[in-house]
Amino acid sequence: MDAVDALFPRAGEIAAAMIARCAAEIPAYRLLPASVLEGDLVANARAVFELFLTTVAEDRRPTERELALPIAWGAERARDGLPLDAVLKIYPLAASVAWDLADGDRALLGARMLDFLGEVMPRVASAYLKERDELDWERREDRQNLAASLLSGRPVRRRDLAESYDVVVFHLPSLPASAGSRAATDLFRAVRSDLDSQPGVLVTFKGDGGVLLVPAGLAAEAVASRVDRVCGRA
């Protein structure tokens with residue numbers, strides 16, 4: 001296919017144009033170092049574009065093995081702190097750059113681009129969310145372990161510790177059976193999510209409640225009241 005054959009030698013040029021356009025139009029990408037944009041992201045974009053061209057030339061769908069790395073690269077953006085909407089927006093935007101720079105039968109390329117994006121984007125979104133959940137879990141687990149160490153009196157060497165903490169014990173309410181089997185899990189997640197938004201507050205959960213360590217200087221009662229509100233007690 002002449003149009004595809006002509007694009008292979010230009011893959012590097014087109015990939016660089018893709019990333020330049022995305023950095024210009026997606027603010028979150030401008031927060032990344034130039035070395036990442038011009039190095040890793042351009043290389044990734046080139047590899048994905050060449051995979052797309054290969055599938056068009058061979059008239060087939062990409063295999064799961066071929067998609068593994070592009071999906072992993074998309075998921076890694078969670079570690080860079082990029083929001084999911086920015087990660088997903090780069091795909092159609094990059095495709096539009098390739099469309100603008102392509103010659104020949106662009107109608108065929110456009111149709112195949114849509115098919116390719118349909119293969120890649122849902123998988124990237126799923127992998128990104130899994131990665132983000134694991135990162136959240138790591139942070140939460142670290143905070144919980146730190147709280148447990150402080151409460152047990154074990155020595156802790158951390159620069160991010162407050163000079164002292166106020167200790168607040170809280171209990172989660174008992175829920176009626178009619179609330180359903182997921183109600184307790186949903187409540188726990190809601191409380192944990194709210195506490196995650198409180199800077200410097202440490203928490204450890206146990207049984208039907210837990211213990212908060214609130215840095216001295218913050219309003220411990222206000223933090224406790226937030227838990228009560230989430231639990232429907234305020």
# chains A, B, ... in the order shown; residues from 1 in each chain; ligands from 1
call {"tool": "select_by_dssp", "arguments": {"residues": "stretch 16-173 of chain A", "states": "strand (DSSP E)", "output": "VMD selection string"}}
result
chain A and resid 165 to 171
call {"tool": "residues_around", "arguments": {"residues": "stretch 199-209 of chain A", "least_positions_apart": "2", "cutoff": "8 Å", "atoms": "only C-alpha atoms", "output": "list in words"}}
result
Arg143, Gln144, Asn145, Leu146, Ala147, Ala148, Leu161, Ala162, Val169, Phe170, His171, Leu172, Pro173, Leu195, Asp196, Ser197, Val211, Leu212, Leu213, Val214 and Pro215 of chain A
call {"tool": "residues_around", "arguments": {"residues": "stretch 47-51 of chain A", "least_positions_apart": "3", "cutoff": "8 Å", "atoms": "only C-alpha atoms", "output": "number ranges by chain"}}
result
A: 8, 11, 15, 43-44, 54-55, 62, 66, 70
call {"tool": "atom_distance", "arguments": {"atom1": "atom CA of A:Gly104", "atom2": "atom CA of A:Glu13"}}
result
17.6 Å
call {"tool": "atom_distance", "arguments": {"atom1": "atom CA of A:Leu117", "atom2": "atom CA of A:Pro83"}}
result
18.7 Å
call {"tool": "closest_residue", "arguments": {"among": "A:Asp59, A:Asp194, A:Asp186, A:Glu76", "to": "A:Val227", "atoms": "only C-alpha atoms"}}
result
A:Asp194
call {"tool": "closest_residue", "arguments": {"among": "A:Leu41, A:Leu101, A:Leu150, A:Ala78", "to": "A:Glu163", "atoms": "only C-alpha atoms"}}
result
A:Leu150
call {"tool": "closest_residue", "arguments": {"among": "A:Ala68, A:Val87, A:Leu53, A:Leu129", "to": "A:Cys22", "atoms": "only C-alpha atoms"}}
result
A:Val87
call {"tool": "atom_distance", "arguments": {"atom1": "atom CA of A:Val36", "atom2": "atom CA of A:Asp142"}}
result
28.2 Å
call {"tool": "closest_residue", "arguments": {"among": "A:Leu88, A:Ala107, A:Cys231, A:Ala17", "to": "A:Arg192", "atoms": "only C-alpha atoms"}}
result
A:Cys231
call {"tool": "select_by_dssp", "arguments": {"residues": "stretch 10-230 of chain A", "states": "helix (DSSP H, G or I)", "output": "MDAnalysis selection string"}}
result
chainID A and resid 10:25 27:31 34:57 64:76 84:101 106:152 177:179 183:196 220:230
call {"tool": "residues_around", "arguments": {"residues": "A:Asp85", "least_positions_apart": "5", "cutoff": "12 Å", "atoms": "only C-alpha atoms", "output": "PDB file with N, CA and C atoms, in the first residue's frame"}}
result
ATOM      1  N   ILE A  26      -2.500  20.260  25.370  1.00  0.00           N
ATOM      2  CA  ILE A  26      -2.902  19.582  26.609  1.00  0.00           C
ATOM      3  C   ILE A  26      -2.022  20.125  27.737  1.00  0.00           C
ATOM      4  N   PRO A  27      -2.548  21.012  28.571  1.00  0.00           N
ATOM      5  CA  PRO A  27      -1.721  21.671  29.594  1.00  0.00           C
ATOM      6  C   PRO A  27      -0.950  20.711  30.494  1.00  0.00           C
ATOM      7  N   ALA A  28      -1.539  19.572  30.836  1.00  0.00           N
ATOM      8  CA  ALA A  28      -0.873  18.650  31.758  1.00  0.00           C
ATOM      9  C   ALA A  28       0.460  18.161  31.210  1.00  0.00           C
ATOM     10  N   TYR A  29       0.560  18.012  29.898  1.00  0.00           N
ATOM     11  CA  TYR A  29       1.806  17.521  29.313  1.00  0.00           C
ATOM     12  C   TYR A  29       2.909  18.569  29.362  1.00  0.00           C
ATOM     13  N   GLY A  74       0.998   3.979  28.464  1.00  0.00           N
ATOM     14  CA  GLY A  74      -0.113   4.842  28.846  1.00  0.00           C
ATOM     15  C   GLY A  74      -0.375   4.791  30.336  1.00  0.00           C
ATOM     16  N   ARG A  77       1.777   6.898  32.764  1.00  0.00           N
ATOM     17  CA  ARG A  77       1.509   8.328  32.939  1.00  0.00           C
ATOM     18  C   ARG A  77       0.855   8.609  34.288  1.00  0.00           C
ATOM     19  N   ALA A  78       0.237   7.584  34.882  1.00  0.00           N
ATOM     20  CA  ALA A  78      -0.312   7.761  36.229  1.00  0.00           C
ATOM     21  C   ALA A  78       0.806   8.074  37.210  1.00  0.00           C
ATOM     22  N   ILE A  90      -4.531  12.442  24.240  1.00  0.00           N
ATOM     23  CA  ILE A  90      -3.363  12.452  23.360  1.00  0.00           C
ATOM     24  C   ILE A  90      -3.564  11.546  22.144  1.00  0.00           C
ATOM     25  N   TYR A  91      -4.373  10.498  22.276  1.00  0.00           N
ATOM     26  CA  TYR A  91      -4.516   9.538  21.179  1.00  0.00           C
ATOM     27  C   TYR A  91      -5.270  10.122  19.979  1.00  0.00           C
ATOM     28  N   PRO A  92      -6.482  10.649  20.147  1.00  0.00           N
ATOM     29  CA  PRO A  92      -7.138  11.240  18.973  1.00  0.00           C
ATOM     30  C   PRO A  92      -6.420  12.479  18.454  1.00  0.00           C
ATOM     31  N   MET A 121      -7.398   2.610  23.282  1.00  0.00           N
ATOM     32  CA  MET A 121      -7.801   3.541  24.338  1.00  0.00           C
ATOM     33  C   MET A 121      -8.512   2.879  25.521  1.00  0.00           C
ATOM     34  N   VAL A 124      -5.829   1.183  27.602  1.00  0.00           N
ATOM     35  CA  VAL A 124      -4.990   2.151  28.311  1.00  0.00           C
ATOM     36  C   VAL A 124      -5.728   2.693  29.531  1.00  0.00           C
ATOM     37  N   ALA A 125      -7.000   3.024  29.362  1.00  0.00           N
ATOM     38  CA  ALA A 125      -7.783   3.554  30.484  1.00  0.00           C
ATOM     39  C   ALA A 125      -7.850   2.549  31.626  1.00  0.00           C
ATOM     40  N   TYR A 128      -4.400   2.266  33.246  1.00  0.00           N
ATOM     41  CA  TYR A 128      -4.112   3.493  33.997  1.00  0.00           C
ATOM     42  C   TYR A 128      -4.821   3.465  35.347  1.00  0.00           C
ATOM     43  N   LEU A 129      -6.110   3.130  35.347  1.00  0.00           N
ATOM     44  CA  LEU A 129      -6.872   3.117  36.591  1.00  0.00           C
ATOM     45  C   LEU A 129      -6.321   2.086  37.568  1.00  0.00           C
TER      46      LEU A 129
END
call {"tool": "closest_residue", "arguments": {"among": "A:Ala190, A:Ala102, A:Met18, A:Leu82", "to": "A:Glu38", "atoms": "only C-alpha atoms"}}
result
A:Met18
